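Okay, run22.json is below, JSON, C-alpha atoms and all ligand atoms:
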[["chain", "number", "residue", "atom", "x", "y", "z"],
["A", 76, "MET", "CA", -12.09, 20.73, -8.00],
["A", 77, "ASN", "CA", -12.22, 20.25, -4.28],
["A", 78, "VAL", "CA", -15.02, 22.48, -3.07],
["A", 79, "PHE", "CA", -14.04, 22.15, 0.52],
["A", 80, "VAL", "CA", -10.80, 24.07, 0.30],
["A", 81, "ARG", "CA", -12.91, 27.15, -0.27],
["A", 82, "TYR", "CA", -14.20, 26.78, 3.25],
["A", 83, "ARG", "CA", -12.41, 27.32, 6.47],
["A", 84, "SER", "CA", -12.00, 23.71, 7.35],
["A", 85, "ASN", "CA", -10.98, 24.19, 10.96],
["A", 86, "THR", "CA", -14.11, 26.01, 12.07],
["A", 87, "ILE", "CA", -17.49, 24.43, 12.64],
["A", 88, "SER", "CA", -19.73, 26.93, 10.91],
["A", 89, "LEU", "CA", -18.44, 27.00, 7.39],
["A", 90, "GLU", "CA", -19.25, 30.17, 5.56],
["A", 91, "PRO", "CA", -18.51, 29.81, 1.88],
["A", 92, "SER", "CA", -15.72, 32.02, 0.72],
["A", 93, "ARG", "CA", -16.26, 32.93, -2.91],
["A", 94, "ASP", "CA", -12.74, 34.16, -3.41],
["A", 95, "CYS", "CA", -10.31, 32.40, -5.70],
["A", 96, "HIS", "CA", -6.72, 31.98, -4.62],
["A", 97, "LEU", "CA", -3.57, 31.38, -6.61],
["A", 98, "LEU", "CA", -0.19, 30.77, -5.01],
["A", 99, "THR", "CA", 3.02, 30.01, -6.87],
["A", 100, "VAL", "CA", 6.10, 28.83, -5.00],
["A", 101, "LYS", "CA", 9.73, 28.24, -5.92],
["A", 102, "LEU", "CA", 11.80, 26.21, -3.46],
["A", 103, "PRO", "CA", 15.55, 26.19, -4.15],
["A", 104, "PHE", "CA", 17.43, 23.09, -3.01],
["A", 105, "LYS", "CA", 21.05, 22.05, -2.88],
["A", 106, "VAL", "CA", 21.63, 18.44, -3.91],
["A", 107, "LYS", "CA", 23.51, 16.60, -1.15],
["A", 108, "ALA", "CA", 23.61, 13.02, -2.50],
["A", 109, "PRO", "CA", 23.37, 11.24, -5.87],
["A", 110, "ILE", "CA", 19.83, 10.84, -7.16],
["A", 111, "ILE", "CA", 18.22, 7.79, -8.73],
["A", 112, "ILE", "CA", 15.24, 8.81, -10.77],
["A", 113, "GLY", "CA", 14.25, 5.56, -12.33],
["A", 114, "LYS", "CA", 11.49, 4.39, -14.57],
["A", 115, "GLY", "CA", 11.20, 1.38, -12.30],
["A", 116, "VAL", "CA", 12.96, -1.89, -12.91],
["A", 117, "GLU", "CA", 11.76, -3.37, -16.18],
["A", 118, "PRO", "CA", 11.07, -7.10, -15.95],
["A", 119, "GLY", "CA", 14.02, -9.08, -17.24],
["A", 120, "LEU", "CA", 16.12, -6.01, -17.85],
["A", 121, "ASN", "CA", 17.36, -5.41, -14.33],
["A", 122, "ILE", "CA", 18.18, -1.81, -14.97],
["A", 123, "ARG", "CA", 16.79, 1.30, -13.41],
["A", 124, "GLU", "CA", 17.31, 3.89, -16.06],
["A", 125, "THR", "CA", 17.27, 7.58, -15.39],
["A", 126, "ILE", "CA", 14.46, 9.40, -17.14],
["A", 127, "THR", "CA", 15.75, 11.80, -19.76],
["A", 128, "ILE", "CA", 14.10, 14.04, -22.30],
["A", 129, "THR", "CA", 15.48, 15.86, -25.32],
["A", 130, "ILE", "CA", 14.59, 19.48, -25.94],
["A", 131, "GLY", "CA", 16.01, 21.23, -29.03],
["A", 132, "GLY", "CA", 18.68, 18.55, -29.49],
["A", 133, "LYS", "CA", 19.88, 18.87, -25.89],
["A", 134, "GLN", "CA", 19.41, 16.12, -23.34],
["A", 135, "TYR", "CA", 17.99, 16.71, -19.86],
["A", 136, "PHE", "CA", 17.26, 14.65, -16.79],
["A", 137, "ILE", "CA", 13.82, 14.92, -15.44],
["A", 138, "ILE", "CA", 12.35, 14.45, -11.97],
["A", 139, "PRO", "CA", 8.68, 13.87, -12.84],
["A", 140, "SER", "CA", 6.02, 15.88, -11.04],
["A", 141, "GLY", "CA", 4.42, 12.63, -9.85],
["A", 142, "SER", "CA", 7.57, 11.68, -7.91],
["A", 143, "LEU", "CA", 7.66, 15.08, -6.19],
["A", 144, "LYS", "CA", 3.98, 15.00, -5.34],
["A", 145, "GLY", "CA", 4.35, 11.50, -3.91],
["A", 146, "VAL", "CA", 7.17, 12.55, -1.59],
["A", 147, "PHE", "CA", 5.35, 15.67, -0.35],
["A", 148, "ARG", "CA", 2.12, 13.71, 0.06],
["A", 149, "LYS", "CA", 3.69, 11.04, 2.27],
["A", 150, "LEU", "CA", 5.26, 13.69, 4.51],
["A", 151, "SER", "CA", 2.00, 15.63, 4.81],
["A", 152, "ALA", "CA", 0.11, 12.47, 5.76],
["A", 153, "ALA", "CA", 2.64, 11.63, 8.49],
["A", 154, "ILE", "CA", 2.39, 15.19, 9.85],
["A", 155, "ALA", "CA", -1.44, 15.19, 9.69],
["A", 156, "TYR", "CA", -1.62, 12.02, 11.83],
["A", 157, "LYS", "CA", 0.45, 13.80, 14.46],
["A", 158, "MET", "CA", -1.87, 16.85, 14.41],
["A", 159, "VAL", "CA", -4.96, 14.76, 15.21],
["A", 160, "ASN", "CA", -5.08, 15.43, 18.97],
["A", 161, "LYS", "CA", -4.88, 19.19, 18.50],
["A", 162, "LEU", "CA", -7.84, 19.34, 16.13],
["A", 163, "GLN", "CA", -11.56, 19.28, 16.61],
["A", 164, "PRO", "CA", -12.54, 15.66, 17.29],
["A", 165, "HIS", "CA", -14.52, 15.14, 14.07],
["A", 166, "ILE", "CA", -11.69, 16.43, 11.86],
["A", 167, "GLY", "CA", -9.24, 14.29, 13.85],
["A", 168, "GLN", "CA", -11.45, 11.28, 13.18],
["A", 169, "VAL", "CA", -11.50, 12.06, 9.45],
["A", 170, "ILE", "CA", -7.70, 12.10, 9.37],
["A", 171, "MET", "CA", -7.53, 8.79, 11.25],
["A", 172, "THR", "CA", -9.65, 7.16, 8.52],
["A", 173, "HIS", "CA", -7.21, 8.35, 5.82],
["A", 174, "ASP", "CA", -5.20, 5.35, 4.61],
["A", 175, "GLU", "CA", -2.14, 6.76, 2.84],
["A", 176, "ASP", "CA", -0.91, 3.40, 1.54],
["A", 177, "LYS", "CA", -4.17, 2.73, -0.29],
["A", 178, "VAL", "CA", -4.84, 6.44, -0.99],
["A", 179, "LYS", "CA", -8.40, 6.12, 0.26],
["A", 180, "HIS", "CA", -10.35, 6.27, 3.49],
["A", 181, "LYS", "CA", -11.10, 3.30, 5.70],
["A", 182, "ILE", "CA", -14.79, 2.74, 5.42],
["A", 183, "ASP", "CA", -16.47, 1.25, 8.45],
["A", 184, "MET", "CA", -20.05, 1.28, 9.65],
["A", 185, "GLU", "CA", -18.89, 2.58, 13.02],
["A", 186, "TYR", "CA", -18.25, 5.95, 11.34],
["A", 187, "GLY", "CA", -21.99, 6.34, 10.64],
["A", 188, "ASP", "CA", -22.46, 9.11, 13.23],
["A", 189, "LEU", "CA", -19.36, 10.94, 12.07],
["A", 190, "ILE", "CA", -20.55, 10.86, 8.44],
["A", 191, "GLU", "CA", -23.97, 12.20, 9.50],
["A", 192, "GLN", "CA", -22.34, 15.01, 11.46],
["A", 193, "LEU", "CA", -20.08, 15.95, 8.52],
["A", 194, "TYR", "CA", -22.97, 15.80, 6.08],
["A", 195, "SER", "CA", -25.26, 18.02, 8.14],
["A", 196, "GLN", "CA", -22.51, 20.62, 8.60],
["A", 197, "ASN", "CA", -22.37, 21.27, 4.87],
["A", 198, "LYS", "CA", -25.60, 19.87, 3.53],
["A", 199, "ASP", "CA", -25.84, 22.15, 0.50],
["A", 200, "VAL", "CA", -22.25, 21.50, -0.56],
["A", 201, "MET", "CA", -22.62, 17.72, -0.07],
["A", 202, "ASP", "CA", -25.87, 17.64, -2.05],
["A", 203, "ARG", "CA", -24.26, 19.50, -4.93],
["A", 204, "ILE", "CA", -21.33, 17.09, -4.88],
["A", 205, "CYS", "CA", -23.53, 13.95, -4.92],
["A", 206, "PHE", "CA", -25.44, 15.34, -7.88],
["A", 207, "SER", "CA", -22.36, 16.41, -9.81],
["A", 208, "LYS", "CA", -20.39, 13.20, -9.17],
["A", 209, "LYS", "CA", -23.10, 10.54, -9.18],
["A", 210, "ASN", "CA", -26.14, 12.30, -10.58],
["A", 211, "MET", "CA", -28.30, 11.52, -7.57],
["A", 212, "SER", "CA", -29.15, 12.91, -4.16],
["A", 213, "CYS", "CA", -26.96, 12.08, -1.17],
["A", 214, "ASN", "CA", -29.81, 10.11, 0.36],
["A", 215, "ARG", "CA", -30.15, 7.90, -2.68],
["A", 216, "LEU", "CA", -26.40, 7.45, -3.04],
["A", 217, "LYS", "CA", -26.21, 6.44, 0.61],
["A", 218, "LYS", "CA", -28.74, 3.66, -0.04],
["A", 219, "GLU", "CA", -27.32, 2.52, -3.37],
["A", 220, "ASP", "CA", -23.58, 2.85, -2.83],
["A", 221, "LEU", "CA", -22.75, 3.51, 0.81],
["A", 222, "GLU", "CA", -19.00, 3.12, 0.29],
["A", 223, "THR", "CA", -18.80, 5.82, -2.39],
["A", 224, "TYR", "CA", -20.99, 8.11, -0.31],
["A", 225, "MET", "CA", -18.77, 7.73, 2.76],
["A", 226, "GLU", "CA", -15.59, 8.23, 0.75],
["A", 227, "LEU", "CA", -17.09, 11.39, -0.84],
["A", 228, "VAL", "CA", -17.85, 12.85, 2.60],
["A", 229, "LEU", "CA", -14.60, 11.83, 4.32],
["A", 230, "SER", "CA", -12.19, 12.88, 1.58],
["A", 231, "LEU", "CA", -13.94, 16.25, 1.26],
["A", 232, "TYR", "CA", -13.07, 17.06, 4.85],
["A", 233, "CYS", "CA", -9.61, 15.47, 4.76],
["A", 234, "PRO", "CA", -6.75, 18.00, 4.59],
["A", 235, "ILE", "CA", -4.39, 15.45, 2.96],
["A", 236, "CYS", "CA", -6.90, 14.68, 0.19],
["A", 237, "SER", "CA", -7.67, 18.41, -0.14],
["A", 238, "LEU", "CA", -4.03, 19.18, -0.86],
["A", 239, "TYR", "CA", -3.06, 16.26, -3.07],
["A", 240, "GLY", "CA", -6.35, 14.86, -4.35],
["A", 241, "SER", "CA", -8.39, 11.73, -3.72],
["A", 242, "LYS", "CA", -10.26, 9.23, -5.85],
["A", 243, "HIS", "CA", -13.11, 11.71, -6.22],
["A", 244, "TYR", "CA", -11.55, 15.16, -6.06],
["A", 245, "ALA", "CA", -8.55, 16.79, -7.67],
["A", 246, "GLY", "CA", -5.99, 18.23, -5.27],
["A", 247, "VAL", "CA", -4.99, 21.89, -5.14],
["A", 248, "ILE", "CA", -1.22, 21.44, -5.65],
["A", 249, "THR", "CA", 0.44, 20.96, -9.04],
["A", 250, "PHE", "CA", 4.18, 20.36, -9.21],
["A", 251, "LYS", "CA", 6.31, 21.25, -12.21],
["A", 252, "PRO", "CA", 8.74, 18.53, -13.29],
["A", 253, "VAL", "CA", 12.36, 19.38, -12.45],
["A", 254, "ILE", "CA", 14.56, 19.60, -15.53],
["A", 255, "ILE", "CA", 18.32, 19.17, -15.05],
["A", 256, "PRO", "CA", 20.75, 19.74, -17.93],
["A", 257, "PHE", "CA", 22.74, 16.66, -18.92],
["A", 258, "GLU", "CA", 26.45, 17.07, -18.42],
["A", 259, "GLU", "CA", 29.33, 14.73, -19.06],
["A", 260, "LYS", "CA", 30.09, 12.34, -16.22],
["A", 261, "THR", "CA", 26.93, 13.20, -14.33],
["A", 262, "VAL", "CA", 25.60, 9.68, -14.79],
["A", 263, "ASP", "CA", 27.24, 6.63, -13.34],
["A", 264, "ILE", "CA", 26.15, 3.04, -13.24],
["A", 265, "ARG", "CA", 26.03, 1.27, -9.94],
["A", 266, "TYR", "CA", 25.58, -2.50, -9.62],
["A", 267, "HIS", "CA", 23.45, -3.98, -6.90],
["A", 268, "VAL", "CA", 22.43, -7.41, -5.78],
["A", 269, "ALA", "CA", 18.79, -7.58, -4.80],
["A", 270, "ILE", "CA", 18.16, -9.49, -1.62],
["A", 271, "ASP", "CA", 14.89, -11.29, -1.04],
["A", 272, "ARG", "CA", 13.52, -9.64, 2.09],
["A", 273, "ARG", "CA", 11.96, -12.81, 3.46],
["A", 274, "SER", "CA", 14.62, -15.43, 2.88],
["A", 275, "ARG", "CA", 17.51, -12.92, 3.04],
["A", 276, "THR", "CA", 19.13, -14.63, 0.10],
["A", 277, "LYS", "CA", 20.00, -13.43, -3.32],
["A", 278, "GLU", "CA", 17.04, -13.32, -5.73],
["A", 279, "ASP", "CA", 17.15, -14.97, -9.14],
["A", 280, "ARG", "CA", 18.49, -12.64, -11.82],
["A", 281, "ALA", "CA", 19.14, -10.34, -8.91],
["A", 282, "LEU", "CA", 21.99, -8.26, -10.24],
["A", 283, "TYR", "CA", 20.64, -4.96, -11.35],
["A", 284, "MET", "CA", 22.03, -1.61, -12.36],
["A", 285, "ASP", "CA", 21.11, 1.84, -11.18],
["A", 286, "HIS", "CA", 21.71, 4.98, -13.14],
["A", 287, "LEU", "CA", 22.94, 7.45, -10.59],
["A", 288, "LEU", "CA", 22.68, 11.14, -11.21],
["A", 289, "TYR", "CA", 25.71, 12.89, -9.73],
["A", 290, "TYR", "CA", 24.48, 16.39, -9.31],
["A", 291, "VAL", "CA", 25.91, 16.78, -5.85],
["A", 292, "GLY", "CA", 26.58, 20.34, -4.69],
["A", 293, "LYS", "CA", 24.43, 21.82, -7.44],
["A", 294, "ALA", "CA", 21.14, 23.67, -7.19],
["A", 295, "VAL", "CA", 17.71, 22.42, -8.16],
["A", 296, "ASN", "CA", 14.43, 24.35, -7.98],
["A", 297, "ILE", "CA", 11.18, 22.66, -7.05],
["A", 298, "GLU", "CA", 8.23, 24.75, -8.22],
["A", 299, "PHE", "CA", 4.54, 24.26, -7.62],
["A", 300, "ILE", "CA", 1.28, 26.13, -7.93],
["A", 301, "VAL", "CA", -1.59, 25.95, -5.47],
["A", 302, "LYS", "CA", -5.10, 26.81, -6.60],
["A", 303, "ASP", "CA", -7.94, 27.76, -4.28],
["A", 304, "LEU", "CA", -6.23, 27.06, -1.02],
["A", 305, "GLU", "CA", -7.45, 29.57, 1.51],
["A", 306, "PRO", "CA", -4.64, 30.85, 3.75],
["A", 307, "GLY", "CA", -5.34, 29.89, 7.36],
["A", 308, "SER", "CA", -7.41, 26.81, 6.48],
["A", 309, "LEU", "CA", -6.41, 23.44, 7.90],
["A", 310, "ALA", "CA", -5.05, 22.24, 4.53],
["A", 311, "SER", "CA", -3.01, 25.45, 4.26],
["A", 312, "LYS", "CA", -1.56, 24.92, 7.75],
["A", 313, "LEU", "CA", -0.71, 21.34, 6.84],
["A", 314, "LEU", "CA", 1.18, 22.56, 3.78],
["A", 315, "ALA", "CA", 3.05, 25.05, 5.98],
["A", 316, "SER", "CA", 4.06, 22.31, 8.43],
["A", 317, "THR", "CA", 5.18, 20.06, 5.56],
["A", 318, "LEU", "CA", 7.44, 22.80, 4.14],
["A", 319, "GLU", "CA", 8.79, 23.57, 7.59],
["A", 320, "TYR", "CA", 9.58, 19.88, 8.15],
["A", 321, "ILE", "CA", 11.40, 19.69, 4.78],
["A", 322, "SER", "CA", 13.40, 22.83, 5.62],
["A", 323, "VAL", "CA", 14.71, 21.12, 8.75],
["A", 324, "SER", "CA", 15.08, 17.49, 7.66],
["A", 325, "GLY", "CA", 15.76, 17.84, 3.95],
["A", 326, "LEU", "CA", 13.88, 16.17, 1.14],
["A", 327, "LEU", "CA", 14.54, 12.65, -0.14],
["A", 328, "VAL", "CA", 13.59, 12.06, -3.76],
["A", 329, "GLY", "CA", 13.87, 9.10, -6.10],
["A", 330, "GLY", "CA", 15.00, 5.56, -5.36],
["A", 331, "GLY", "CA", 17.47, 4.27, -2.79],
["A", 332, "LYS", "CA", 16.25, 6.54, 0.02],
["A", 333, "SER", "CA", 17.09, 3.88, 2.60],
["A", 334, "ILE", "CA", 20.74, 4.04, 1.59],
["A", 335, "GLY", "CA", 20.84, 7.81, 1.57],
["A", 336, "TYR", "CA", 20.34, 8.62, -2.10],
["A", 337, "GLY", "CA", 18.32, 11.60, -3.23],
["A", 338, "LEU", "CA", 18.90, 13.95, -0.30],
["A", 339, "MET", "CA", 18.33, 17.63, -1.00],
["A", 340, "GLU", "CA", 18.64, 20.56, 1.39],
["A", 341, "MET", "CA", 16.33, 23.57, 1.18],
["A", 342, "ASP", "CA", 17.85, 27.03, 0.77],
["A", 343, "LYS", "CA", 15.26, 28.69, 3.05],
["A", 344, "ASP", "CA", 16.34, 32.29, 2.53],
["A", 345, "ASN", "CA", 15.90, 32.11, -1.22],
["A", 346, "VAL", "CA", 12.39, 30.63, -1.30],
["A", 347, "VAL", "CA", 10.20, 32.94, -3.41],
["A", 348, "TRP", "CA", 6.42, 33.02, -3.77],
["A", 349, "SER", "CA", 3.58, 35.09, -5.15],
["A", 350, "TYR", "CA", -0.04, 35.03, -4.07],
["A", 351, "ARG", "CA", -3.15, 36.46, -5.70],
["A", 352, "ARG", "CA", -6.73, 36.56, -4.57],
["A", 353, "TYR", "CA", -9.73, 37.33, -6.73],
["A", 354, "THR", "CA", -13.21, 37.96, -5.42],
["A", 355, "SER", "CA", -16.35, 36.45, -6.91],
["A", 356, "TYR", "CA", -16.87, 39.61, -8.97],
["A", 357, "ASN", "CA", -13.41, 39.22, -10.44],
["A", 358, "GLU", "CA", -12.39, 42.22, -8.48],
["A", 359, "TYR", "CA", -8.66, 42.15, -8.60],
["A", 360, "ILE", "CA", -6.71, 42.37, -5.39],
["A", 361, "SER", "CA", -3.08, 43.26, -5.98],
["A", 362, "PRO", "CA", -0.70, 40.30, -5.73],
["A", 363, "MET", "CA", 1.60, 39.77, -2.81],
["A", 364, "THR", "CA", 5.12, 38.46, -3.23],
["A", 365, "GLY", "CA", 7.62, 37.34, -0.65],
["A", 366, "LYS", "CA", 11.13, 36.01, -0.16],
["A", 367, "GLY", "CA", 12.24, 33.54, 2.48],
["A", 368, "LEU", "CA", 10.42, 30.49, 3.80],
["A", 369, "SER", "CA", 9.25, 32.24, 6.97],
["A", 370, "THR", "CA", 7.23, 34.81, 4.99],
["A", 371, "LEU", "CA", 5.50, 31.96, 3.13],
["A", 372, "LEU", "CA", 4.74, 30.11, 6.38],
["A", 373, "ASP", "CA", 3.23, 33.32, 7.79],
["A", 374, "LEU", "CA", 0.95, 33.60, 4.76],
["A", 375, "LEU", "CA", -0.18, 29.96, 4.91],
["A", 376, "ARG", "CA", -0.83, 30.09, 8.66],
["A", 377, "GLU", "CA", -2.50, 33.51, 8.50],
["A", 401, "ZN", "ZN", -7.81, 11.70, 2.94]]

The structure in this file should be written as structure tokens.
Ligand SMILES: [Zn+2]
Amino acid sequence: MNVFVRYRSNTISLEPSRDCHLLTVKLPFKVKAPIIIGKGVEPGLNIRETITITIGGKQYFIIPSGSLKGVFRKLSAAIAYKMVNKLQPHIGQVIMTHDEDKVKHKIDMEYGDLIEQLYSQNKDVMDRICFSKKNMSCNRLKKEDLETYMELVLSLYCPICSLYGSKHYAGVITFKPVIIPFEEKTVDIRYHVAIDRRSRTKEDRALYMDHLLYYVGKAVNIEFIVKDLEPGSLASKLLASTLEYISVSGLLVGGGKSIGYGLMEMDKDNVVWSYRRYTSYNEYISPMTGKGLSTLLDLLRE
């Protein structure tokens, strides 16, 4: 679990909040273009097959939760980089060290002062983390494995890693896979010729097939749950901005994005969510529910 999301990450003095939070969200989308949800091209086979599962004798297409998380994660990272100048300098610096392609933080000795500053801001939390992850004090870890120590500190403060997870911490968001009922004529096969990007010529054995899912004009729900994300925290605001971006620009899922496949449009008015908060004494605070994206954005940006 990412301890940091329980703290208000955009304020300097971080008072622990002992409350637990649970948010569930359903985002309805309208499919605007065919979708390729492939298992990847198998060597020698040259076919990108659509992933299907069978439940009770019926066949379904599936958009795996990993694909959805990957798409959201990339968008959030791009948005976070743009937020850098508006944030406190040390948090901005943390985000600049986040390397989304490698899903880790750039580790450089020049960040020594930053790491010290971040450590001293939440000494007790950092000490607990070093013990629980590496069974040693932060001081010892720093001497024995500086890289791991720096990554532990940076990814704890990073709003992208807080939302989606890092090498050391689990993220707070879990997506449900999208299940689409199989119907006749919803799958077509499209032939492509792969072009070598460097030589701009046809690759060997370059003809490959895509299974296209024609679900155009139909509705698909993307559902996710968010655990222990405190409304108003930096990670929560980043999630709000990501959803807002998707509501304007649409969401591209699956393969062939560069040629326009996989576009889905959010039905903002029919977004539904529910949010519960529990205190440390398990005191129950009645759940809130809402309809419409704007009510969800208000909650997240509280
Ligand atoms: Zn990060």

Which residues form the shell of 7 Å around ligand ZN 401 (chain A) when you count all atoms listed in the file, given as a PyMOL selection string? chain A and resi 170+173+179-180+229-230+233-236+241

When you look at Ser142 of chain A with a cut-off of 10 Å (counting all atoms listed in the file), what residues show up, excluding the ones that are within fewer than 4 positions of it in the same chain? I need them as a ChimeraX atom specification. /A:112,138,146-148,250,252,328-330

Excluding Ile254 of chain A and residues on its chain fewer than 3 positions from it, collect all residues at most 7 Å away from it, counting all atoms listed in the file, and give them as number ranges by chain. A: 135-138

Let me see the file: selected residues, C-alpha atoms, as a PDB file, keeping the file's coordinate frame.
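New file result.pdb:
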ATOM      1  CA  TYR A 135      17.990  16.710 -19.860  1.00  0.00           C
ATOM      2  CA  PHE A 136      17.260  14.650 -16.790  1.00  0.00           C
ATOM      3  CA  ILE A 137      13.820  14.920 -15.440  1.00  0.00           C
ATOM      4  CA  ILE A 138      12.350  14.450 -11.970  1.00  0.00           C
TER       5      ILE A 138
END

Sort by chain and increasing residue number a table of all residues of segment 152-237 of chain A within 12 Å of segment 303-316 of chain A, each with its closest pair of atoms and their distance in Å to one decimal, counting only C-alpha atoms, and write it as JSON lines.
{"residue": "A:Ala152", "atom": "CA", "partner": "A:Leu313", "partner_atom": "CA", "distance": 9.0}
{"residue": "A:Ala153", "atom": "CA", "partner": "A:Leu313", "partner_atom": "CA", "distance": 10.4}
{"residue": "A:Ile154", "atom": "CA", "partner": "A:Ser316", "partner_atom": "CA", "distance": 7.4}
{"residue": "A:Ala155", "atom": "CA", "partner": "A:Leu313", "partner_atom": "CA", "distance": 6.8}
{"residue": "A:Tyr156", "atom": "CA", "partner": "A:Leu313", "partner_atom": "CA", "distance": 10.6}
{"residue": "A:Lys157", "atom": "CA", "partner": "A:Leu313", "partner_atom": "CA", "distance": 10.8}
{"residue": "A:Met158", "atom": "CA", "partner": "A:Leu313", "partner_atom": "CA", "distance": 8.9}
{"residue": "A:Val159", "atom": "CA", "partner": "A:Leu309", "partner_atom": "CA", "distance": 11.4}
{"residue": "A:Lys161", "atom": "CA", "partner": "A:Leu309", "partner_atom": "CA", "distance": 11.5}
{"residue": "A:Leu162", "atom": "CA", "partner": "A:Leu309", "partner_atom": "CA", "distance": 9.3}
{"residue": "A:Gln163", "atom": "CA", "partner": "A:Leu309", "partner_atom": "CA", "distance": 10.9}
{"residue": "A:Ile166", "atom": "CA", "partner": "A:Leu309", "partner_atom": "CA", "distance": 9.6}
{"residue": "A:Gly167", "atom": "CA", "partner": "A:Leu309", "partner_atom": "CA", "distance": 11.3}
{"residue": "A:Ile170", "atom": "CA", "partner": "A:Leu309", "partner_atom": "CA", "distance": 11.5}
{"residue": "A:Leu231", "atom": "CA", "partner": "A:Ala310", "partner_atom": "CA", "distance": 11.2}
{"residue": "A:Tyr232", "atom": "CA", "partner": "A:Ala310", "partner_atom": "CA", "distance": 9.6}
{"residue": "A:Cys233", "atom": "CA", "partner": "A:Ala310", "partner_atom": "CA", "distance": 8.2}
{"residue": "A:Pro234", "atom": "CA", "partner": "A:Ala310", "partner_atom": "CA", "distance": 4.6}
{"residue": "A:Ile235", "atom": "CA", "partner": "A:Ala310", "partner_atom": "CA", "distance": 7.0}
{"residue": "A:Cys236", "atom": "CA", "partner": "A:Ala310", "partner_atom": "CA", "distance": 8.9}
{"residue": "A:Ser237", "atom": "CA", "partner": "A:Ala310", "partner_atom": "CA", "distance": 6.6}

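Across the model, the gap from atom CA of Thr317 of chain A to atom CA of Met341 of chain A is 12.5 Å.
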
Top pick for closest residue to Phe257 of chain A, considering A:Thr99, A:Thr129, A:Ser369, A:Ser322 and counting only C-alpha atoms: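 Among the listed residues, the smallest separation from Phe257 of chain A belongs to A:Thr129.
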
Of the residues A:Leu327, A:Tyr336, A:Val301, A:Gly141, which is the one nearest to Leu98 of chain A, using only C-alpha atoms? A:Val301

May I have the residues within 12 Å of Lys107 of chain A as a ChimeraX atom specification, using only C-alpha atoms and disregarding those fewer than 5 positions away in the same chain? /A:288-295,325-328,335-341

Record the distance separating atom CA of Gly331 of chain A and atom CA of Ile111 of chain A, expressed in Å with one decimal.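 Atom CA of Ile111 of chain A lies 6.9 Å from atom CA of Gly331 of chain A.
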
Which centre and edge lengths in Å to one decimal define the box along x, y and z that fits every listed atom of segment 331-340 of chain A plus 6 Å per side, as AutoDock Vina command-line options?
--center_x 18.5 --center_y 12.2 --center_z -0.3 --size_x 16.6 --size_y 28.7 --size_z 17.8
